[in-house]
Amino acid sequence: MLPRVRGRPLAAIAVAGQLAFVVAWAVAGALQTGYAPADQAVSDLAALTADNRWIVGLGLVCLAMSDTAVAILLWRALGPPGHPAALMFAVAAVGVLSILALPLDCAPSGDPTCQARLDAGRVSTRHDAHGVAAVLTQLTLLATPFAVARALAPRRLALWAFAAGLAGLATLVWVAAIGSGEPGYGVAQRATFGFVHLWVVAIAAAVVAGWAQRDRVPEP
């Protein structure tokens, strides 16, 4: 188990990075003329046409740092059984940086002209790659609770991790049912993000408190 003193700095980075990302899209959204957070995706705020795309870009860097910190925490705290989950967070960190490096050409959910370009296939390969990177990164993050649950078994915390995974899947179904560009999509997407934020906070708290070490099922 990762000693508490060594785990605290990493846990702080993990939590701070998630919070910084929320602040970034909230501030950028407030500054973006005509932006509707309830309906539009966060990626619109990092598009090449966005007024303050650097703000969300900075938030994405913080998010990648957070995912990296979680990867290190899990790698050390859970040992070999936790390595798959740790690697998933590491992959997610790379995915976040890929999203940053592949900005949208424009904001399709808030600009009819951009949507027309998208429908006509007149967007760059980078624009399409952004969507692929975003989906794969989010799917990877939503799968991490199940990997953590497997690593924790037979500890009681494994059940909580598995339940968290089911909650994450529920948010995925919600955002998939609405579809990008539809009313309410922004709320659904942020619910999915919010789940990941809370999940990271839970991991950080569990490692610092040493819950995974104490919460063992008694031997029969």
# chains A, B, ... in the order shown; residues from 1 in each chain; ligands from 1

$ closest_atom_pairs --of "range 162-214 of chain A" --to "range 36-48 of chain A" --cutoff "12 Å" --atoms "only C-alpha atoms" --output "Markdown table"
| residue | atom | partner | partner_atom | distance |
| --- | --- | --- | --- | --- |
| A:Val175 | CA | A:Ala41 | CA | 10.8 |
| A:Ile178 | CA | A:Asp39 | CA | 10.1 |
| A:Gly179 | CA | A:Asp39 | CA | 10.3 |
| A:Ser180 | CA | A:Ala41 | CA | 7.5 |
| A:Gly181 | CA | A:Gln40 | CA | 6.4 |
| A:Glu182 | CA | A:Asp39 | CA | 6.5 |
| A:Pro183 | CA | A:Asp39 | CA | 4.9 |
| A:Gly184 | CA | A:Asp39 | CA | 4.6 |
| A:Tyr185 | CA | A:Asp39 | CA | 4.8 |
| A:Gly186 | CA | A:Asp39 | CA | 4.3 |
| A:Val187 | CA | A:Ala38 | CA | 4.9 |
| A:Ala188 | CA | A:Ala38 | CA | 8.3 |
| A:Gln189 | CA | A:Ala41 | CA | 7.0 |
| A:Arg190 | CA | A:Val42 | CA | 8.2 |
| A:Ala191 | CA | A:Ala38 | CA | 10.9 |
| A:Thr192 | CA | A:Ala41 | CA | 11.7 |
| A:Phe193 | CA | A:Val42 | CA | 10.0 |

$ select_by_dssp --residues "range 17-191 of chain A" --states "helix (DSSP H, G or I)" --output "PyMOL selection string"
chain A and resi 17-31+42-46+53-78+80-101+112-119+125-152+157-178+185-191

$ residues_around --residues "Ala28 in chain A" --least-positions-apart "6" --cutoff "7 Å" --atoms "only C-alpha atoms" --output "PyMOL selection string"
chain A and resi 45+52+55-56

$ atom_distance --atom1 "CA of Ser66 in chain A" --atom2 "CA of Pro108 in chain A"
28.5 Å

$ atom_distance --atom1 "CA of Gly82 in chain A" --atom2 "CA of Ala151 in chain A"
5.1 Å
